[in-house]
Amino acid sequence: MSVISYLDARASGAVLSTDEQASINTSIATIRTRLNSYFGTALSEQLRFGSSTRGTILPRKMDQHSDIDYMIVFAQGGAVPQTYLDRLRRFAEQHYSTSDIKQSSPSVVLQLNHIKFDLVPALKAWGTTYQIPDGPSAWQYTNPNDFNGQLDTINQKELYKIKPMIRLLKFWNAEAGYVYDAYSLEKFVVGLSYYAVINIRDYLFTAFDNLYLDGEQTQWRKDKLKRAKDIIAEVRALERDGYPNLAEAEVKKLIPSV
């Protein structure tokens, strides 16, 4: 097996299983029904967004922080975000009393056995733009799924290699202790140029070549990124010198097989 075929296989395996998808869909349907029953006409809309709608979410076995972003749009504004976060927390405590529940602005985090849900309160602004919490007392504007279109466009342009590459990159990030915020990582690689790149190896290595951390970042993050870049340099050297098996063994230090 070559570095390319190994990375292709790992990227193909970095997707939710049919059972995981079914469990998530069941949980979303249950949450939707319970929210409607609990809040009634106080809600105007519910929608799923984030990596689970983009095809870049990782299975829990590859990222313990994998979650489903779920927006709950309240019909009536006029209060600070903490008011709506408190309402969602009371809802979660009533319907999911045996689950782990905590606030992590801008959401209430609901930890179920198979997946974590980030319940995000929101107010409709206009069109597809919403307001979500920016801390406990201020709002920020967001268009929750506008990035999906950008990602789909570049993924198609780049031979459908961008989403698999992102999954591998996010797996490295999780294994390394979350050097980067996952969403920021996705946005960063979508903005890169991939000139004369045709396979998953070169897409992934190009992303790493361009990753950086400024001087204010903590040393452990810099060390993790440097180690990744050193591994890639060694893989390239081994391939150049005609040692494909050693190169594959080396790249497994970056993207483990289990």
# chains A, B, ... in the order shown; residues from 1 in each chain; ligands from 1

$ select_by_dssp --residues "stretch 54-161 of chain A" --states "strand (DSSP E)" --output "number ranges by chain"
A: 67-74, 100-104, 107-111, 116-126, 129-133, 139-142

$ write_last_selection --atoms "N, CA and C atoms" --output "tab-separated table (two decimals), in the first residue's frame"
chain	number	residue	atom	x	y	z
A	67	ASP	N	-19.80	16.71	17.26
A	67	ASP	CA	-21.12	17.09	17.76
A	67	ASP	C	-22.04	17.48	16.62
A	68	ILE	N	-23.31	17.59	16.97
A	68	ILE	CA	-24.34	18.04	16.03
A	68	ILE	C	-24.75	19.44	16.45
A	69	ASP	N	-24.57	20.40	15.55
A	69	ASP	CA	-24.99	21.77	15.82
A	69	ASP	C	-26.47	21.90	15.46
A	70	TYR	N	-27.25	22.34	16.44
A	70	TYR	CA	-28.70	22.41	16.23
A	70	TYR	C	-29.21	23.76	16.72
A	71	MET	N	-29.77	24.52	15.80
A	71	MET	CA	-30.22	25.88	16.11
A	71	MET	C	-31.71	25.88	16.45
A	72	ILE	N	-32.03	26.53	17.57
A	72	ILE	CA	-33.42	26.68	18.00
A	72	ILE	C	-33.76	28.16	17.92
A	73	VAL	N	-34.64	28.52	17.01
A	73	VAL	CA	-34.96	29.92	16.74
A	73	VAL	C	-36.21	30.31	17.52
A	74	PHE	N	-36.05	31.27	18.42
A	74	PHE	CA	-37.17	31.74	19.22
A	74	PHE	C	-37.94	32.82	18.47
A	100	ASP	N	-25.52	14.34	30.55
A	100	ASP	CA	-24.63	15.43	30.94
A	100	ASP	C	-25.04	16.69	30.20
A	101	ILE	N	-25.31	17.75	30.94
A	101	ILE	CA	-25.79	19.01	30.36
A	101	ILE	C	-24.93	20.14	30.91
A	102	LYS	N	-24.46	21.00	30.02
A	102	LYS	CA	-23.68	22.15	30.47
A	102	LYS	C	-23.81	23.28	29.46
A	103	GLN	N	-23.53	24.48	29.92
A	103	GLN	CA	-23.53	25.63	29.02
A	103	GLN	C	-22.12	25.87	28.52
A	104	SER	N	-22.01	26.07	27.22
A	104	SER	CA	-20.74	26.43	26.60
A	104	SER	C	-21.08	27.41	25.50
A	107	SER	N	-23.95	27.94	23.28
A	107	SER	CA	-24.87	26.81	23.22
A	107	SER	C	-25.05	26.16	24.58
A	108	VAL	N	-26.08	25.30	24.63
A	108	VAL	CA	-26.24	24.35	25.73
A	108	VAL	C	-25.83	23.00	25.17
A	109	VAL	N	-24.85	22.38	25.82
A	109	VAL	CA	-24.30	21.11	25.33
A	109	VAL	C	-25.03	19.96	25.99
A	110	LEU	N	-25.56	19.08	25.16
A	110	LEU	CA	-26.30	17.91	25.62
A	110	LEU	C	-25.53	16.68	25.18
A	111	GLN	N	-24.97	15.96	26.14
A	111	GLN	CA	-24.16	14.79	25.84
A	111	GLN	C	-25.01	13.52	25.93
A	116	LYS	N	-22.86	14.17	20.79
A	116	LYS	CA	-23.07	15.38	21.57
A	116	LYS	C	-23.83	16.39	20.72
A	117	PHE	N	-24.80	17.05	21.32
A	117	PHE	CA	-25.58	18.08	20.64
A	117	PHE	C	-25.25	19.44	21.22
A	118	ASP	N	-25.00	20.40	20.34
A	118	ASP	CA	-24.86	21.80	20.74
A	118	ASP	C	-26.16	22.50	20.38
A	119	LEU	N	-26.96	22.79	21.39
A	119	LEU	CA	-28.24	23.46	21.18
A	119	LEU	C	-28.01	24.96	21.23
A	120	VAL	N	-28.18	25.61	20.10
A	120	VAL	CA	-27.84	27.03	19.97
A	120	VAL	C	-29.12	27.86	19.87
A	121	PRO	N	-29.40	28.73	20.85
A	121	PRO	CA	-30.57	29.60	20.73
A	121	PRO	C	-30.30	30.69	19.69
A	122	ALA	N	-31.35	31.11	19.01
A	122	ALA	CA	-31.17	32.11	17.96
A	122	ALA	C	-32.43	32.94	17.80
A	123	LEU	N	-32.25	34.09	17.16
A	123	LEU	CA	-33.35	34.95	16.74
A	123	LEU	C	-33.21	35.19	15.25
A	124	LYS	N	-34.32	35.23	14.53
A	124	LYS	CA	-34.26	35.48	13.09
A	124	LYS	C	-33.96	36.95	12.86
A	125	ALA	N	-33.00	37.22	11.97
A	125	ALA	CA	-32.68	38.60	11.62
A	125	ALA	C	-33.35	38.96	10.30
A	126	TRP	N	-32.86	38.39	9.21
A	126	TRP	CA	-33.48	38.57	7.89
A	126	TRP	C	-33.00	37.44	6.98
A	129	THR	N	-30.19	34.90	7.64
A	129	THR	CA	-29.29	35.43	8.67
A	129	THR	C	-29.98	35.40	10.02
A	130	TYR	N	-29.22	34.96	11.03
A	130	TYR	CA	-29.76	34.83	12.39
A	130	TYR	C	-28.83	35.53	13.37
A	131	GLN	N	-29.34	35.75	14.57
A	131	GLN	CA	-28.53	36.21	15.69
A	131	GLN	C	-28.35	35.05	16.65
A	132	ILE	N	-27.10	34.83	17.06
A	132	ILE	CA	-26.80	33.82	18.06
A	132	ILE	C	-25.97	34.47	19.17
A	133	PRO	N	-25.89	33.84	20.33
A	133	PRO	CA	-25.16	34.47	21.44
A	133	PRO	C	-23.69	34.75	21.12
A	139	TRP	N	-25.33	39.74	21.13
A	139	TRP	CA	-25.67	38.90	19.99
A	139	TRP	C	-24.67	39.11	18.87
A	140	GLN	N	-24.53	38.09	18.01
A	140	GLN	CA	-23.74	38.21	16.79
A	140	GLN	C	-24.54	37.64	15.63
A	141	TYR	N	-24.29	38.16	14.44
A	141	TYR	CA	-25.02	37.71	13.26
A	141	TYR	C	-24.29	36.52	12.62
A	142	THR	N	-25.08	35.59	12.09
A	142	THR	CA	-24.51	34.44	11.40
A	142	THR	C	-25.47	33.94	10.34

$ residues_around --residues "A:Phe147" --least-positions-apart "6" --cutoff "9 Å" --atoms "only C-alpha atoms" --output "PyMOL selection string"
chain A and resi 50+54+187

$ residues_around --residues "A:Ile231" --least-positions-apart "2" --cutoff "10 Å" --atoms "only C-alpha atoms" --output "NGL selection string"
:A and (225-229 or 233-237 or 247 or 250-254)

$ select_by_dssp --residues "stretch 117-254 of chain A" --states "helix (DSSP H, G or I)" --output "JSON, numbers by chain"
{"A": [146, 147, 148, 149, 150, 151, 152, 153, 154, 155, 156, 157, 162, 163, 164, 165, 166, 167, 168, 169, 170, 171, 172, 173, 174, 175, 182, 183, 184, 185, 186, 187, 188, 189, 190, 200, 201, 202, 203, 204, 205, 206, 207, 208, 209, 210, 219, 220, 221, 222, 223, 224, 225, 226, 227, 228, 229, 230, 231, 232, 233, 234, 235, 236, 237, 238, 239, 240, 244, 245, 246, 247, 248, 249, 250, 251]}

$ residues_around --residues "stretch 159-163 of chain A" --least-positions-apart "2" --cutoff "12 Å" --atoms "only C-alpha atoms" --output "ChimeraX atom specification"
/A:4,7-8,11-12,14-15,51-58,148,150-157,165-170,186-194,196-204,206-207

$ residues_around --residues "A:Glu175" --least-positions-apart "3" --cutoff "9 Å" --atoms "only C-alpha atoms" --output "ChimeraX atom specification"
/A:62-63,170-172,178,255-256

$ write_last_selection --atoms "C-alpha atoms" --output "JSON list (two decimals), in the first residue's frame"
[["chain", "number", "residue", "atom", "x", "y", "z"],
["A", 62, "MET", "CA", -11.96, 9.47, 15.69],
["A", 63, "ASP", "CA", -12.99, 12.63, 17.53],
["A", 170, "LYS", "CA", -9.54, 17.17, 11.61],
["A", 171, "PHE", "CA", -8.52, 13.67, 12.72],
["A", 172, "TRP", "CA", -4.91, 14.82, 13.12],
["A", 178, "TYR", "CA", -7.10, 20.24, 19.23],
["A", 255, "ILE", "CA", -2.65, 9.85, 10.50],
["A", 256, "PRO", "CA", -2.79, 6.72, 12.69]]

$ atom_distance --atom1 "atom CA of A:Gln21" --atom2 "atom CA of A:His65"
16.3 Å
